[in-house]
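I have placed the structure first, in the form of structure tokens, so that the comments after it can refer back to it.
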2 protein chains.
Amino acid sequence: MSVPLYQAKAEMFRTLGHPVRIRVLELLQAGPRPVRDLLSEIDVEPSNLSQQLAVLRRTGVVVSFRDGGLVMYALSTPDVADLLAAGRRILGAVLSDRDGLLAELKAHSAADQ
Amino acid sequence: MSVPLYQAKAEMFRTLGHPVRIRVLELLQAGPRPVRDLLSEIDVEPSNLSQQLAVLRRTGVVVSFRDGGLVMYALSTPDVADLLAAGRRILGAVLSDRDGLLAELKAHSAADQ
DNA sequence: ACACGAATTGAAGACTTCTGCAATTCGGCA
DNA sequence: TGCCGAATTGCAGAAGTCTTCAATTCGTGT
């Protein structure tokens with residue numbers, strides 16, 4: 001297995017390694033959404049959100065298109081949901097006897113899908 | 001869902017966002033291995049590998065223990081394998097009509113499990 | 001053509017991560 | 001006890017990421 005392939009994999013995971021970007025992906029699991037909506041739910045500067053969306057676009061995990069006066073974003077593949085779900089499971093396993101984040105993870109896991 | 005939980009999720013993914021760390025996790029999927037072995041397979045300075053192992057330990061995705069004269073590392077939960085598999089699938093989907101990395105991904109996917 | 005809101009881009013400073021070197025710790029064994 | 005290899009730690013410079021500001025693009029509607 002070549003070094004470039006490992007770098008591609010690493011880049012893929014690094015793309016998810018930011019709270020705003022995780023949040024965007026979770027919101028997009030429910031279907032395409034305009035930037036407008038993401039902005040109203042995420043509490044971040046518009047320019048910052050745009051930067052994070054650009055990171056997600058560059059790696060190819062989301063795509064964007066225009067619909068009327070709004071720009072829409074969508075997951076490029078539903079496989080992203082599996083990745084997020086696997087991340088949740090590991091977080092649960094890892095936190096299971098550590099700090100108070102676990103209770104919260106459990107309490108919200110259904111709503112956060 | 002609280003901000004700290006998003007940060008924990010992001011941290012989890014960021015932990016995987018490095019070629020050496022990805023490589024270590026893939027090697028550990030086959031079972032516990034001593035640092036010695038990892039070093040012989042990864043081509044990185046010993047101190048650098050130690051730093052990356054420390055990152056993985058801090059997040060809790062791997063654990064370490066001593067066995068005779070060697071330090072062993074192992075996955076803390078088999079769920080990590082799911083995460084890597086999901087990453088591979090997304091990479092395949094994302095690269096499917098881009099550059100030459102796709103062919104390589106396919107050619108090696110069985111051996112790289 | 002013009003003005004407006006929506007979204008993106010560019011750039012700078014603060015901050016974090018990465019890498020390699022030298023020094024250190026730690027256990028096992030003569 | 002003293003030595004040896006295995007692994008880790010501390011550190012400093014280089015490289016990369018994050019955030020915010022101001023400026024810009026782009027389409028829509030008048």
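Every chain in the structure tokens has a letter given in the order shown (A, B, ...), and although residue numbers restart at 1 in each chain, ligands are simply numbered from 1 in the order shown.
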
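Using only C-alpha atoms (C1' of nucleotides), the protein and nucleic acid residues lying no more than 10 Å from range 17-27 of chain C, apart from those fewer than 2 places from it along its own chain, are His18, Val44, Glu45, Pro46, Ser47, Asn48, Gln51, Gln52, Arg66, Gly68, Gly69 and Leu70 of chain B; DC15 and DC29 of chain C; DA6, DA7, DT8, DT9, DG10, DC11, DA12, DG13, DA14, DA15, DG16 and DT17 of chain D.
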
(message) What's around Arg89 in chain A at 12 Å? Count only C-alpha atoms (C1' of nucleotides), leave out sequence neighbours fewer than 4 positions away in its own chain, and write the answer as a ChimeraX atom specification.
(response) /A:82-85,93-96,102,105-106,109 /B:9,12,61,77-83

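Taking CA of Leu5 in chain B and CA of Ala86 in chain A as endpoints, the distance between them is 15.2 Å.
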
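Excluding DT24 in chain D and any residue on its chain fewer than 2 positions from it, the residues at most 10 Å away by only C-alpha atoms (C1' of nucleotides) are DT8, DT9 and DG10 of chain C; DA22 and DC26 of chain D.
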
Next, dump the selected residues to file, keeping only N, CA, C and O atoms (P, O5', C5', C4', C3', O3' and C1' of nucleotides), as an mmCIF file, in the first residue's frame.
data_model
loop_
_atom_site.group_PDB
_atom_site.id
_atom_site.type_symbol
_atom_site.label_atom_id
_atom_site.label_comp_id
_atom_site.auth_asym_id
_atom_site.auth_seq_id
_atom_site.Cartn_x
_atom_site.Cartn_y
_atom_site.Cartn_z
ATOM 1 P P DT C 8 -20.783 29.397 -0.009
ATOM 2 O "O5'" DT C 8 -19.629 30.369 -0.568
ATOM 3 C "C5'" DT C 8 -19.654 30.716 -1.939
ATOM 4 C "C4'" DT C 8 -18.484 31.631 -2.259
ATOM 5 C "C3'" DT C 8 -17.123 31.051 -1.868
ATOM 6 O "O3'" DT C 8 -16.312 31.054 -3.037
ATOM 7 C "C1'" DT C 8 -17.352 33.280 -1.111
ATOM 8 P P DT C 9 -14.859 30.388 -2.988
ATOM 9 O "O5'" DT C 9 -13.916 31.671 -2.765
ATOM 10 C "C5'" DT C 9 -13.978 32.743 -3.709
ATOM 11 C "C4'" DT C 9 -13.022 33.844 -3.283
ATOM 12 C "C3'" DT C 9 -11.615 33.369 -2.922
ATOM 13 O "O3'" DT C 9 -10.723 34.083 -3.759
ATOM 14 C "C1'" DT C 9 -12.487 34.834 -1.253
ATOM 15 P P DG C 10 -9.158 33.757 -3.785
ATOM 16 O "O5'" DG C 10 -8.553 34.846 -2.774
ATOM 17 C "C5'" DG C 10 -9.012 36.193 -2.847
ATOM 18 C "C4'" DG C 10 -8.161 37.089 -1.967
ATOM 19 C "C3'" DG C 10 -6.785 36.539 -1.619
ATOM 20 O "O3'" DG C 10 -5.886 37.645 -1.609
ATOM 21 C "C1'" DG C 10 -8.062 36.817 0.371
ATOM 22 P P DA D 22 -13.720 45.449 9.299
ATOM 23 O "O5'" DA D 22 -13.181 45.486 7.800
ATOM 24 C "C5'" DA D 22 -11.778 45.465 7.536
ATOM 25 C "C4'" DA D 22 -11.551 45.187 6.062
ATOM 26 C "C3'" DA D 22 -12.476 45.976 5.132
ATOM 27 O "O3'" DA D 22 -11.718 46.466 4.035
ATOM 28 C "C1'" DA D 22 -12.714 43.661 4.716
ATOM 29 P P DC D 26 -18.059 35.444 -10.420
ATOM 30 O "O5'" DC D 26 -19.576 35.082 -10.164
ATOM 31 C "C5'" DC D 26 -19.955 34.430 -8.936
ATOM 32 C "C4'" DC D 26 -21.436 34.613 -8.698
ATOM 33 C "C3'" DC D 26 -22.213 34.925 -9.975
ATOM 34 O "O3'" DC D 26 -23.107 33.867 -10.206
ATOM 35 C "C1'" DC D 26 -22.897 36.310 -8.155
#

(message) Using DSSP secondary structure from the backbone, list all alpha helix (DSSP H) positions within chain A, as number ranges by chain.
(response) A: 3-16, 19-28, 35-42, 46-59, 79-95, 101-108

(request) Compile the residues of chain D that lie within 10 Å of chain A, evaluated using only C-alpha atoms (C1' of nucleotides), and express the compilation as a list in words. (result) DC18, DT19, DT20, DC21, DC26, DG27 and DT28 of chain D

(message) Give me the residues near Arg21 in chain B as a PyMOL selection string, where near means some atom within 9 Å (using only C-alpha atoms (C1' of nucleotides)) and where sequence neighbours in that chain fewer than 4 positions away do not count.
(response) (chain A and resi 10) or (chain B and resi 15-17+25-26+49+52-53+55-56)

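The coordinates place CA of Glu11 in chain A at 25.2 Å from C1' of DG13 in chain C.
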